[in-house]
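Engineer: Following this line is structure_35.pdb, made up of PDB, C-alpha atoms and all ligand atoms:
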ATOM      1  CA  MET A1136      16.522   6.775  14.976
ATOM      2  CA  PHE A1137      14.722   3.703  16.356
ATOM      3  CA  GLU A1138      13.123   4.543  19.719
ATOM      4  CA  ARG A1139      11.103   1.922  21.544
ATOM      5  CA  HIS A1140      10.047   0.987  25.049
ATOM      6  CA  LYS A1141       8.025  -1.773  26.658
ATOM      7  CA  GLU A1142       5.086  -1.770  29.026
ATOM      8  CA  GLU A1143       4.202  -4.870  31.007
ATOM      9  CA  THR A1144       1.025  -6.023  32.676
ATOM     10  CA  GLY A1145       0.343  -9.111  34.775
ATOM     11  CA  ILE A1146      -2.989 -10.872  34.363
ATOM     12  CA  ILE A1147      -4.365 -14.260  35.306
ATOM     13  CA  LEU A1148      -5.482 -16.022  32.149
ATOM     14  CA  PRO A1149      -8.777 -17.938  32.184
ATOM     15  CA  GLY A1150      -8.409 -21.470  33.566
ATOM     16  CA  THR A1151      -5.136 -20.658  35.384
ATOM     17  CA  ASP A1152      -4.127 -19.354  38.828
ATOM     18  CA  GLN A1153      -0.780 -17.644  38.272
ATOM     19  CA  PRO A1154      -0.412 -14.206  36.690
ATOM     20  CA  VAL A1155       1.504 -14.035  33.417
ATOM     21  CA  THR A1156       3.335 -11.004  32.068
ATOM     22  CA  ILE A1157       2.074  -9.591  28.814
ATOM     23  CA  THR A1158       4.294  -7.094  27.028
ATOM     24  CA  THR A1159       3.292  -4.260  24.743
ATOM     25  CA  GLU A1160       6.030  -2.611  22.722
ATOM     26  CA  ILE A1161       5.598   1.064  21.854
ATOM     27  CA  ARG A1162       7.686   2.309  18.937
ATOM     28  CA  THR A1163       8.140   5.811  17.524
ATOM     29  CA  ASP A1164       8.156   6.279  13.769
ATOM     30  CA  PRO A1165      11.559   7.819  12.960
ATOM     31  CA  LEU A1166      10.112  10.240  10.386
ATOM     32  CA  THR A1167       6.766  11.391  11.751
ATOM     33  CA  GLY A1168       7.194  10.834  15.507
ATOM     34  CA  ARG A1169       3.908   8.925  15.457
ATOM     35  CA  THR A1170       3.811   6.027  17.899
ATOM     36  CA  ALA A1171       2.635   2.520  17.068
ATOM     37  CA  ARG A1172       2.135  -0.502  19.292
ATOM     38  CA  ILE A1173       2.972  -4.134  18.868
ATOM     39  CA  THR A1174       0.510  -5.979  21.031
ATOM     40  CA  ARG A1175      -0.544  -9.462  22.014
ATOM     41  CA  ARG A1176      -2.568 -11.062  19.210
ATOM     42  CA  ARG A1177      -6.219 -10.137  19.678
ATOM     43  CA  THR A1178      -7.814 -13.006  17.765
ATOM     44  CA  ASN A1179      -6.969 -16.327  16.266
ATOM     45  CA  GLU A1180      -8.816 -16.162  12.979
ATOM     46  CA  PRO A1181      -8.497 -19.074  10.544
ATOM     47  CA  PRO A1182      -6.448 -18.498   7.368
ATOM     48  CA  ILE A1183      -8.300 -18.242   4.050
ATOM     49  CA  ASN A1184      -8.879 -21.616   2.412
ATOM     50  CA  PHE A1185      -7.886 -20.700  -1.140
ATOM     51  CA  ASP A1186      -9.038 -24.116  -2.449
ATOM     52  CA  ASP A1187     -12.630 -23.300  -1.507
ATOM     53  CA  PRO A1188     -12.863 -19.555  -0.915
ATOM     54  CA  PRO A1189     -16.022 -18.580   0.996
ATOM     55  CA  TYR A1190     -16.311 -15.369  -1.056
ATOM     56  CA  ARG A1191     -16.594 -17.193  -4.402
ATOM     57  CA  ILE A1192     -20.365 -16.628  -4.429
ATOM     58  CA  HIS A1193     -19.847 -12.872  -3.983
ATOM     59  CA  VAL A1194     -17.383 -12.824  -6.880
ATOM     60  CA  ASP A1195     -19.878 -14.652  -9.116
ATOM     61  CA  GLU A1196     -22.850 -12.517  -8.054
ATOM     62  CA  THR A1197     -21.097  -9.203  -8.700
ATOM     63  CA  ALA A1198     -19.824 -10.184 -12.176
ATOM     64  CA  SER A1199     -23.170  -9.770 -13.965
ATOM     65  CA  ALA A1200     -23.482  -6.054 -13.110
ATOM     66  CA  CYS A1201     -19.800  -5.060 -12.847
ATOM     67  CA  PRO A1202     -19.137  -1.700 -14.556
ATOM     68  CA  PHE A1203     -15.458  -2.618 -15.130
ATOM     69  CA  CYS A1204     -16.137  -5.877 -17.009
ATOM     70  CA  PRO A1205     -15.826  -6.137 -20.816
ATOM     71  CA  GLY A1206     -19.041  -5.190 -22.616
ATOM     72  CA  ARG A1207     -19.947  -2.610 -19.953
ATOM     73  CA  ILE A1208     -16.794  -0.642 -19.161
ATOM     74  CA  MET A1209     -17.035   1.759 -22.145
ATOM     75  CA  GLU A1210     -20.666   2.636 -21.338
ATOM     76  CA  ALA A1211     -20.660   2.412 -17.537
ATOM     77  CA  THR A1212     -17.548   4.456 -16.681
ATOM     78  CA  PRO A1213     -16.988   8.215 -17.016
ATOM     79  CA  ARG A1214     -14.687   9.849 -19.597
ATOM     80  CA  PHE A1215     -12.163  12.669 -19.463
ATOM     81  CA  VAL A1216     -12.815  15.832 -21.421
ATOM     82  CA  PRO A1217     -11.085  15.749 -24.859
ATOM     83  CA  ASP A1218      -8.465  18.332 -23.793
ATOM     84  CA  ILE A1219      -7.042  15.757 -21.369
ATOM     85  CA  VAL A1220      -7.123  12.778 -23.710
ATOM     86  CA  PRO A1221      -8.822  12.240 -27.064
ATOM     87  CA  GLY A1222     -11.331   9.401 -26.687
ATOM     88  CA  GLY A1223     -11.769  10.083 -22.970
ATOM     89  CA  ARG A1224      -9.692   7.222 -21.519
ATOM     90  CA  PHE A1225      -6.030   6.174 -21.244
ATOM     91  CA  GLY A1226      -4.943   2.670 -22.190
ATOM     92  CA  SER A1227      -1.808   0.541 -21.852
ATOM     93  CA  GLY A1228      -1.826  -3.207 -22.507
ATOM     94  CA  GLU A1229      -5.062  -4.445 -20.922
ATOM     95  CA  SER A1230      -5.283  -1.551 -18.451
ATOM     96  CA  ILE A1231      -7.974   1.125 -18.953
ATOM     97  CA  LEU A1232      -7.860   4.408 -17.002
ATOM     98  CA  PHE A1233     -10.820   6.783 -16.595
ATOM     99  CA  PRO A1234     -12.082   9.443 -14.144
ATOM    100  CA  ASN A1235     -13.220   8.393 -10.691
ATOM    101  CA  LEU A1236     -17.005   8.741 -10.446
ATOM    102  CA  SER A1237     -16.506   9.869  -6.830
ATOM    103  CA  PRO A1238     -13.486  12.199  -7.014
ATOM    104  CA  TYR A1239     -11.491  13.253  -3.935
ATOM    105  CA  GLY A1240     -10.353  16.545  -5.446
ATOM    106  CA  ARG A1241      -9.466  18.105  -8.784
ATOM    107  CA  HIS A1242      -7.887  14.997 -10.364
ATOM    108  CA  SER A1243      -9.099  11.523  -9.380
ATOM    109  CA  ALA A1244      -8.933   8.508 -11.655
ATOM    110  CA  VAL A1245      -9.350   4.740 -11.612
ATOM    111  CA  SER A1246      -7.506   2.182 -13.744
ATOM    112  CA  THR A1247      -8.288  -1.488 -14.265
ATOM    113  CA  PHE A1248      -5.617  -4.190 -14.592
ATOM    114  CA  SER A1249      -7.374  -6.407 -17.141
ATOM    115  CA  PRO A1250     -10.795  -7.633 -18.307
ATOM    116  CA  ASP A1251     -10.744 -10.262 -15.505
ATOM    117  CA  HIS A1252     -13.512  -9.625 -12.979
ATOM    118  CA  PHE A1253     -11.518 -11.259 -10.201
ATOM    119  CA  ILE A1254      -7.838 -12.015  -9.695
ATOM    120  CA  GLU A1255      -6.971 -13.993  -6.573
ATOM    121  CA  ILE A1256      -4.144 -12.683  -4.394
ATOM    122  CA  GLY A1257      -0.960 -14.417  -5.478
ATOM    123  CA  GLU A1258      -2.250 -14.724  -9.067
ATOM    124  CA  PHE A1259      -1.582 -11.191 -10.313
ATOM    125  CA  THR A1260       1.204 -11.110 -12.928
ATOM    126  CA  GLU A1261       4.088  -8.722 -13.492
ATOM    127  CA  ILE A1262       2.349  -7.601 -16.709
ATOM    128  CA  HIS A1263      -0.834  -6.707 -14.775
ATOM    129  CA  TYR A1264       1.006  -4.288 -12.510
ATOM    130  CA  ARG A1265       3.500  -3.023 -15.088
ATOM    131  CA  ASP A1266       0.820  -2.142 -17.650
ATOM    132  CA  ASN A1267      -1.345  -0.481 -15.022
ATOM    133  CA  PHE A1268       1.604   1.526 -13.668
ATOM    134  CA  VAL A1269       2.669   2.591 -17.193
ATOM    135  CA  ASN A1270      -0.914   3.698 -17.882
ATOM    136  CA  THR A1271      -0.924   5.557 -14.582
ATOM    137  CA  ARG A1272       2.365   7.307 -15.411
ATOM    138  CA  HIS A1273       0.924   8.540 -18.734
ATOM    139  CA  TYR A1274      -2.066  10.006 -16.888
ATOM    140  CA  ILE A1275       0.059  11.633 -14.161
ATOM    141  CA  ASP A1276       2.385  13.074 -16.791
ATOM    142  CA  ARG A1277      -0.533  14.484 -18.796
ATOM    143  CA  ILE A1278      -2.267  16.081 -15.807
ATOM    144  CA  MET A1279       0.939  17.574 -14.414
ATOM    145  CA  THR A1280       1.675  19.116 -17.806
ATOM    146  CA  LEU A1281      -1.809  20.662 -17.885
ATOM    147  CA  ASP A1282      -2.057  21.660 -14.213
ATOM    148  CA  PRO A1283       1.207  22.912 -12.656
ATOM    149  CA  ALA A1284      -0.545  23.480  -9.312
ATOM    150  CA  VAL A1285      -0.370  19.706  -8.717
ATOM    151  CA  ARG A1286       2.572  18.817  -6.426
ATOM    152  CA  TYR A1287       1.560  15.379  -5.133
ATOM    153  CA  ALA A1288       0.459  12.165  -6.808
ATOM    154  CA  THR A1289      -0.602   8.875  -5.267
ATOM    155  CA  VAL A1290      -1.316   5.473  -6.773
ATOM    156  CA  THR A1291      -3.286   3.208  -4.486
ATOM    157  CA  GLN A1292      -5.137  -0.079  -4.357
ATOM    158  CA  ASN A1293      -7.971  -1.368  -2.203
ATOM    159  CA  TYR A1294      -8.028  -5.113  -2.763
ATOM    160  CA  LEU A1295     -11.397  -6.669  -1.859
ATOM    161  CA  PRO A1296     -14.231  -4.992   0.097
ATOM    162  CA  SER A1297     -12.528  -5.809   3.419
ATOM    163  CA  SER A1298      -9.850  -3.229   2.516
ATOM    164  CA  GLY A1299     -12.431  -0.554   1.648
ATOM    165  CA  GLY A1300     -12.751  -1.574  -2.016
ATOM    166  CA  THR A1301     -16.160  -0.926  -3.554
ATOM    167  CA  LEU A1302     -15.745  -3.228  -6.556
ATOM    168  CA  ILE A1303     -14.303  -6.749  -6.737
ATOM    169  CA  HIS A1304     -12.868  -6.064 -10.207
ATOM    170  CA  PRO A1305      -9.189  -5.253  -9.491
ATOM    171  CA  HIS A1306      -8.201  -1.628 -10.080
ATOM    172  CA  LEU A1307      -5.946   1.177  -8.872
ATOM    173  CA  GLN A1308      -6.890   4.706  -7.826
ATOM    174  CA  ILE A1309      -4.789   7.661  -8.957
ATOM    175  CA  ASN A1310      -5.092  11.003  -7.194
ATOM    176  CA  LEU A1311      -3.210  14.159  -8.101
ATOM    177  CA  PHE A1312      -3.380  16.639  -5.268
ATOM    178  CA  VAL A1313      -3.342  20.398  -5.223
ATOM    179  CA  THR A1314      -4.255  20.172  -1.516
ATOM    180  CA  PRO A1315      -2.272  17.245  -0.062
ATOM    181  CA  THR A1316      -3.697  14.765   2.446
ATOM    182  CA  ASN A1317      -2.378  14.708   6.019
ATOM    183  CA  TYR A1318       0.073  11.878   5.358
ATOM    184  CA  LEU A1319       1.443  13.474   2.170
ATOM    185  CA  ARG A1320       1.887  16.763   4.015
ATOM    186  CA  GLU A1321       3.757  14.949   6.796
ATOM    187  CA  LEU A1322       5.972  13.027   4.359
ATOM    188  CA  ALA A1323       7.029  16.227   2.598
ATOM    189  CA  ALA A1324       7.412  18.385   5.720
ATOM    190  CA  PHE A1325       9.249  15.867   7.943
ATOM    191  CA  SER A1326      11.564  14.802   5.095
ATOM    192  CA  LYS A1327      12.426  18.434   4.458
ATOM    193  CA  SER A1328      12.994  19.304   8.121
ATOM    194  CA  PHE A1329      15.275  16.246   8.564
ATOM    195  CA  LEU A1330      17.418  17.514   5.675
ATOM    196  CA  THR A1331      17.468  21.033   7.081
ATOM    197  CA  LYS A1332      18.464  19.821  10.572
ATOM    198  CA  THR A1333      21.031  17.174   9.652
ATOM    199  CA  GLY A1334      22.163  18.041   6.124
ATOM    200  CA  ARG A1335      21.271  14.494   5.078
ATOM    201  CA  SER A1336      18.276  12.825   3.422
ATOM    202  CA  PHE A1337      16.065  10.934   5.902
ATOM    203  CA  TRP A1338      15.479   8.248   3.286
ATOM    204  CA  GLY A1339      19.165   7.788   2.453
ATOM    205  CA  GLU A1340      19.863   7.569   6.182
ATOM    206  CA  LEU A1341      17.002   5.116   6.801
ATOM    207  CA  ILE A1342      18.130   2.806   3.990
ATOM    208  CA  ALA A1343      21.765   2.909   5.156
ATOM    209  CA  ARG A1344      20.845   2.132   8.768
ATOM    210  CA  GLU A1345      18.323  -0.584   7.924
ATOM    211  CA  GLU A1346      20.749  -2.239   5.512
ATOM    212  CA  ALA A1347      23.514  -2.150   8.156
ATOM    213  CA  LEU A1348      21.241  -3.471  10.921
ATOM    214  CA  GLY A1349      19.634  -6.115   8.724
ATOM    215  CA  GLU A1350      16.764  -6.733  11.159
ATOM    216  CA  ARG A1351      14.001  -5.281   9.016
ATOM    217  CA  PHE A1352      15.825  -5.226   5.685
ATOM    218  CA  ILE A1353      14.368  -7.637   3.111
ATOM    219  CA  ALA A1354      16.033  -7.107  -0.268
ATOM    220  CA  HIS A1355      17.691  -4.677  -2.619
ATOM    221  CA  THR A1356      16.428  -4.975  -6.204
ATOM    222  CA  ASP A1357      17.806  -2.610  -8.913
ATOM    223  CA  GLY A1358      17.185   0.822  -7.397
ATOM    224  CA  ILE A1359      14.514  -0.289  -4.894
ATOM    225  CA  VAL A1360      15.036  -1.179  -1.235
ATOM    226  CA  TRP A1361      12.480  -3.469   0.452
ATOM    227  CA  LEU A1362      12.077  -3.406   4.221
ATOM    228  CA  CYS A1363       9.590  -3.626   7.068
ATOM    229  CA  PRO A1364       8.854  -0.290   8.760
ATOM    230  CA  PHE A1365      10.093   0.064  12.349
ATOM    231  CA  ALA A1366       6.725   1.382  13.635
ATOM    232  CA  PRO A1367       4.100  -0.251  11.391
ATOM    233  CA  GLN A1368       0.762   1.409  10.765
ATOM    234  CA  GLY A1369      -0.823  -1.796   9.469
ATOM    235  CA  GLN A1370      -0.609  -5.588   9.725
ATOM    236  CA  LYS A1371       2.320  -7.257   7.926
ATOM    237  CA  GLU A1372       3.345  -3.874   6.525
ATOM    238  CA  VAL A1373       6.136  -3.735   3.955
ATOM    239  CA  TRP A1374       7.822  -0.705   2.382
ATOM    240  CA  ALA A1375       9.684  -0.172  -0.869
ATOM    241  CA  VAL A1376      11.850   2.940  -1.227
ATOM    242  CA  PHE A1377      13.120   4.073  -4.635
ATOM    243  CA  GLU A1378      16.709   5.262  -4.557
ATOM    244  CA  GLY A1379      17.242   8.731  -6.016
ATOM    245  CA  ARG A1380      13.685   9.233  -7.306
ATOM    246  CA  SER A1381      10.981  11.414  -5.757
ATOM    247  CA  ASP A1382       8.512  11.819  -8.635
ATOM    248  CA  PHE A1383       6.546   8.929 -10.204
ATOM    249  CA  ARG A1384       7.237  10.384 -13.679
ATOM    250  CA  GLU A1385      10.946   9.544 -13.219
ATOM    251  CA  LEU A1386      10.221   5.801 -13.159
ATOM    252  CA  SER A1387      11.098   3.898 -16.361
ATOM    253  CA  ASP A1388       9.174   0.887 -17.645
ATOM    254  CA  ASP A1389      11.959  -1.282 -16.171
ATOM    255  CA  ASP A1390      11.594   0.404 -12.768
ATOM    256  CA  LEU A1391       7.862  -0.280 -12.874
ATOM    257  CA  SER A1392       8.474  -3.944 -13.793
ATOM    258  CA  MET A1393      10.873  -4.262 -10.861
ATOM    259  CA  LEU A1394       8.320  -2.696  -8.530
ATOM    260  CA  ALA A1395       5.667  -5.086  -9.893
ATOM    261  CA  ARG A1396       7.880  -8.121  -9.203
ATOM    262  CA  GLY A1397       8.490  -7.064  -5.603
ATOM    263  CA  ILE A1398       4.794  -6.390  -4.999
ATOM    264  CA  LEU A1399       4.009  -9.905  -6.253
ATOM    265  CA  SER A1400       6.608 -11.370  -3.864
ATOM    266  CA  VAL A1401       4.934  -9.606  -0.941
ATOM    267  CA  GLN A1402       1.500 -10.792  -2.090
ATOM    268  CA  ARG A1403       2.685 -14.413  -2.288
ATOM    269  CA  TYR A1404       3.981 -14.113   1.275
ATOM    270  CA  TRP A1405       0.632 -12.743   2.477
ATOM    271  CA  ARG A1406      -1.263 -15.473   0.628
ATOM    272  CA  ASP A1407       0.898 -18.180   2.194
ATOM    273  CA  GLY A1408      -0.067 -16.666   5.559
ATOM    274  CA  GLY A1409      -3.765 -17.087   4.709
ATOM    275  CA  ASP A1410      -4.476 -13.389   4.102
ATOM    276  CA  ASN A1411      -6.228 -11.790   1.151
ATOM    277  CA  GLY A1412      -7.405  -8.163   1.740
ATOM    278  CA  PHE A1413      -4.716  -5.505   1.403
ATOM    279  CA  ASN A1414      -3.980  -1.851   0.669
ATOM    280  CA  LEU A1415      -1.117  -0.518  -1.439
ATOM    281  CA  GLY A1416       0.070   3.086  -1.809
ATOM    282  CA  ILE A1417       2.755   4.883  -3.830
ATOM    283  CA  TYR A1418       3.577   8.482  -2.845
ATOM    284  CA  SER A1419       5.091  10.884  -5.374
ATOM    285  CA  ILE A1420       6.074  14.438  -4.443
ATOM    286  CA  VAL A1421       7.329  17.249  -6.704
ATOM    287  CA  GLY A1422       9.859  19.852  -5.564
ATOM    288  CA  HIS A1423      11.523  17.749  -2.813
ATOM    289  CA  LYS A1424      14.251  16.102  -4.858
ATOM    290  CA  GLU A1425      16.936  16.446  -2.192
ATOM    291  CA  SER A1426      14.859  15.386   0.792
ATOM    292  CA  TYR A1427      12.309  12.817  -0.425
ATOM    293  CA  ARG A1428      12.341   9.357  -2.084
ATOM    294  CA  ILE A1429       9.304   7.621  -3.617
ATOM    295  CA  LEU A1430       7.807   5.461  -0.883
ATOM    296  CA  VAL A1431       5.557   2.451  -1.499
ATOM    297  CA  ARG A1432       3.558   1.024   1.423
ATOM    298  CA  MET A1433       1.766  -2.309   1.429
ATOM    299  CA  LEU A1434      -0.240  -3.702   4.327
ATOM    300  CA  VAL A1435      -2.668  -6.495   5.037
ATOM    301  CA  ARG A1436      -6.300  -5.746   5.879
ATOM    302  CA  THR A1437      -9.154  -7.790   7.259
ATOM    303  CA  ARG A1438      -9.594 -11.193   5.604
ATOM    304  CA  PHE A1439     -12.512 -11.096   3.179
ATOM    305  CA  VAL A1440     -14.747 -13.791   4.662
ATOM    306  CA  PRO A1441     -18.301 -13.713   6.087
ATOM    307  CA  TYR A1442     -18.538 -12.318   9.634
ATOM    308  CA  ALA A1443     -14.951 -11.036   9.559
ATOM    309  CA  ARG A1444     -13.706  -8.829  12.348
ATOM    310  CA  ASN A1445     -12.363  -5.531  11.008
ATOM    311  CA  ASP A1446      -8.647  -4.973  11.638
ATOM    312  CA  GLN A1447      -9.206  -1.294  12.475
ATOM    313  CA  SER A1448     -10.591  -1.142  16.017
ATOM    314  CA  TYR A1449     -11.295   1.760  18.378
ATOM    315  CA  PHE A1450      -7.549   1.879  18.959
ATOM    316  CA  GLU A1451      -6.845   2.922  15.377
ATOM    317  CA  VAL A1452     -10.038   4.782  14.487
ATOM    318  CA  ILE A1453     -10.886   6.558  17.757
ATOM    319  CA  LEU A1454      -7.471   6.805  19.424
ATOM    320  CA  GLY A1455      -5.447   7.315  16.250
ATOM    321  CA  GLU A1456      -2.744   4.715  16.950
ATOM    322  CA  ALA A1457      -1.909   1.555  15.035
ATOM    323  CA  ALA A1458      -1.697  -1.681  17.010
ATOM    324  CA  THR A1459      -0.306  -4.655  15.111
ATOM    325  CA  ASP A1460       0.525  -8.102  16.393
ATOM    326  CA  GLU A1461       3.650  -9.257  14.563
ATOM    327  CA  PHE A1462       7.166  -7.864  14.973
ATOM    328  CA  PRO A1463       8.492  -6.222  11.776
ATOM    329  CA  GLU A1464      11.772  -8.108  12.304
ATOM    330  CA  LYS A1465       9.905 -11.449  12.086
ATOM    331  CA  ILE A1466       8.020 -10.351   8.951
ATOM    332  CA  ALA A1467      11.270  -9.257   7.265
ATOM    333  CA  ALA A1468      12.958 -12.563   8.135
ATOM    334  CA  ASP A1469      10.019 -14.553   6.716
ATOM    335  CA  LEU A1470       9.808 -12.400   3.578
ATOM    336  CA  LYS A1471      13.463 -12.695   2.510
ATOM    337  CA  LYS A1472      12.963 -16.031   0.767
ATOM    338  CA  TYR A1473      10.185 -14.545  -1.416
ATOM    339  CA  PHE A1474      12.782 -12.159  -2.876
ATOM    340  CA  GLU A1475      15.411 -14.823  -3.642
TER     341      GLU A1475
HETATM  342 ZN    ZN A1501     -15.812  -6.923 -13.378
END
Turn the structure described in the file into structure tokens.
Ligand SMILES: [Zn+2]

Structural biologist:
Amino acid sequence: MFERHKEETGIILPGTDQPVTITTEIRTDPLTGRTARITRRRTNEPPINFDDPPYRIHVDETASACPFCPGRIMEATPRFVPDIVPGGRFGSGESILFPNLSPYGRHSAVSTFSPDHFIEIGEFTEIHYRDNFVNTRHYIDRIMTLDPAVRYATVTQNYLPSSGGTLIHPHLQINLFVTPTNYLRELAAFSKSFLTKTGRSFWGELIAREEALGERFIAHTDGIVWLCPFAPQGQKEVWAVFEGRSDFRELSDDDLSMLARGILSVQRYWRDGGDNGFNLGIYSIVGHKESYRILVRMLVRTRFVPYARNDQSYFEVILGEAATDEFPEKIAADLKKYFE
């Protein structure tokens, strides 16, 4: 299940005379067959100074025209047609959910966490995520009742512009797909073919092996397994896998609270490492109950500071292969204490 090999190169580092060996590890993702590399660190960027964040001015400047802030949100954001929801928007706690002004397909929405224009990483609360996820589940449930052609749903987050986010004001994106994206198509197809070939669920097998090995396993919290992926696609990537559930609509309020707590643990770990930008994704698939489990992926993106170097280089964007610089086994070992 876990295939890897190493390639070595000898170079003479500046200011020295003797060649040193530098190792690249190439790992194959056990589900998709996609390779990923763990490479020598490319830069030595300073951690974020959260006591005096250099992006504070950007946060303040964007607040006065933010369409998601109180006093503007009801006028500045689109509404659903009344057949979907009377009043045009979904609400749960402080979370407000409305159509995405730039949809990616038939059903695209956005949902805010709270009236707060900015929430620092590490300062989100369980209530923020739980309320937003509950709101999201209502929307997914409503759309899937109205449109049976939808088979896939994703809940995602760009946190800060360095992760691709267009607005500072924290929010999630919800997409319900009739035509799945490449990754969703791969998740469904590879999970199904693993079941067909072996008679077992890939996800059940992965959890069992990771738990037995312990190297990348982080924690087991009521019905959710937390681990680092063997062949990461992003920096400091962490996965959560829901046991026995493949469709987001199956998740209870308690499940969503548990997910929220784990996400906050991961965010505190990232913050302690001086990171702030991140992406989050939850993948829900209908009709693959035997072969698929809800997967949640979380990974760190470029730090949101002036003159930052983007974490996606030619290697990822042009060559289509992730290169990260920390071993998943080290990340898992460091993360365990955040789940205690
Ligand atoms: Zn705002």

Engineer: Could you check the closest approach to Val1245 of chain A for each of A:Ser1230, A:Thr1158, A:Tyr1449, A:Ala1375 and tell me which residue wins, using all atoms listed in the file?

Structural biologist: A:Ser1230

Engineer: Could you list, as a VMD selection string, every residue matched by the PyMOL selection byres (((chain A and resi 1439-1442) around 10) and not hetatm) in this structure?

Structural biologist: chain A and resid 1182 to 1183 1188 to 1191 1294 to 1298 1410 to 1413 1436 to 1438 1443 to 1445

Engineer: Name the residues in contact with segment 1459-1470 of chain A at a cut-off of 6 Å, using all atoms listed in the file, excluding same-chain residues fewer than 5 positions from it; report them as a list in words.

Structural biologist: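 Selected residues are Ile1173, Thr1174, Arg1175, Arg1176, Glu1350, Arg1351, Ile1353, Cys1363 and Gln1370 of chain A.
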
Engineer: Write out as a list of chain:residue names which residues come within 9 Å of Trp1338 of chain A when counting all atoms listed in the file, dropping same-chain ones fewer than 4 positions away.

Structural biologist: A:Ser1326, A:Ile1342, A:Ala1343, A:Val1376, A:Glu1378, A:Ser1426, A:Tyr1427, A:Arg1428

Engineer: Exactly which residues make up the result of the PyMOL selection byres (((not hetatm)) within 10 of (chain A and resi 1501)) on this file, given as JSON, numbers by chain?

Structural biologist: {"A": [1194, 1195, 1197, 1198, 1199, 1200, 1201, 1202, 1203, 1204, 1205, 1206, 1207, 1208, 1247, 1249, 1250, 1251, 1252, 1253, 1302, 1303, 1304, 1305, 1306]}

Engineer: Measure the distance from atom CA of Val1285 of chain A to atom CA of His1273 of chain A in Å and round it to one decimal.

Structural biologist: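 For atom CA of Val1285 of chain A relative to atom CA of His1273 of chain A, the distance reads 15.1 Å.
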
Engineer: Return the single residue from A:Arg1265, A:Lys1472, A:Arg1403, A:Lys1332 that is closest to Leu1386 of chain A, with distances computed using only C-alpha atoms.

Structural biologist: A:Arg1265

Engineer: Place a sphere of radius 6 Å on (1.1, 3.3, 0.0) in the file coordinates and name every protein, DNA or RNA residue with an atom inside or on its surface, counting all atoms listed in the file; give the answer as an MDAnalysis selection string.

Structural biologist: chainID A and resid 1415:1417 1431:1433

Engineer: Run the PyMOL selection byres (((chain A and resi 1354) around 10) and not hetatm) mentally over the shown coordinates, then write out the matched residues as a list in words, using the chain letters and numbers from the document.

Structural biologist: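 Taken over the shown coordinates, the PyMOL selection byres (((chain A and resi 1354) around 10) and not hetatm) returns Glu1346, Gly1349, Arg1351, Phe1352, Ile1353, His1355, Thr1356, Asp1357, Ile1359, Val1360, Trp1361, Leu1362, Ala1375, Gly1397, Ala1467, Leu1470, Lys1471, Lys1472, Tyr1473, Phe1474 and Glu1475 of chain A.
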
Engineer: For each of A:Arg1177, A:Pro1165, A:Asn1293, A:Thr1271, take the minimum atom-to-atom distance to Ser1448 of chain A, counting only C-alpha atoms, then give the residue where this is smallest.

Structural biologist: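 Using only C-alpha atoms, the shortest distance to Ser1448 of chain A belongs to A:Arg1177.
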
Engineer: Can you tell me how far atom CA of Leu1391 of chain A sits from atom CA of Asp1266 of chain A, in Å to one decimal?

Structural biologist: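 Interatomic distance, atom CA of Leu1391 of chain A to atom CA of Asp1266 of chain A: 8.7 Å.
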
Engineer: Between A:Ala1395, A:Ala1458, A:Ile1219, A:Val1155, which residue has the minimum interatomic distance to Ile1262 of chain A, considering all atoms listed in the file?

Structural biologist: A:Ala1395

Engineer: Would you compute the distance between atom CA of His1242 of chain A and atom CA of Tyr1287 of chain A? Give it in Å to one decimal.

Structural biologist: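 Between atom CA of His1242 of chain A and atom CA of Tyr1287 of chain A the gap is 10.8 Å.
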
Engineer: With all atoms listed in the file as the counted atoms, please give the residues lying no more than 12 Å from Thr1163 of chain A, apart from itself and same-chain residues fewer than 5 positions off, as an MDAnalysis selection string.

Structural biologist: chainID A and resid 1136:1141 1168:1173 1364:1368 1456:1457

Engineer: A:Asp1152, A:Asp1446, A:Asp1390, A:Glu1340: which is nearest Lys1371 of chain A, counting only C-alpha atoms?

Structural biologist: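 When distances to Lys1371 of chain A are compared using only C-alpha atoms, the smallest one comes from A:Asp1446.
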
Engineer: Compare A:Ala1288, A:Leu1454, A:Phe1215, A:Ser1387 by their minimum atom-to-atom distance to Thr1316 of chain A, counting only C-alpha atoms, and give me the closest one.

Structural biologist: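 Looking at the shortest contact to Thr1316 of chain A, the residue is A:Ala1288.
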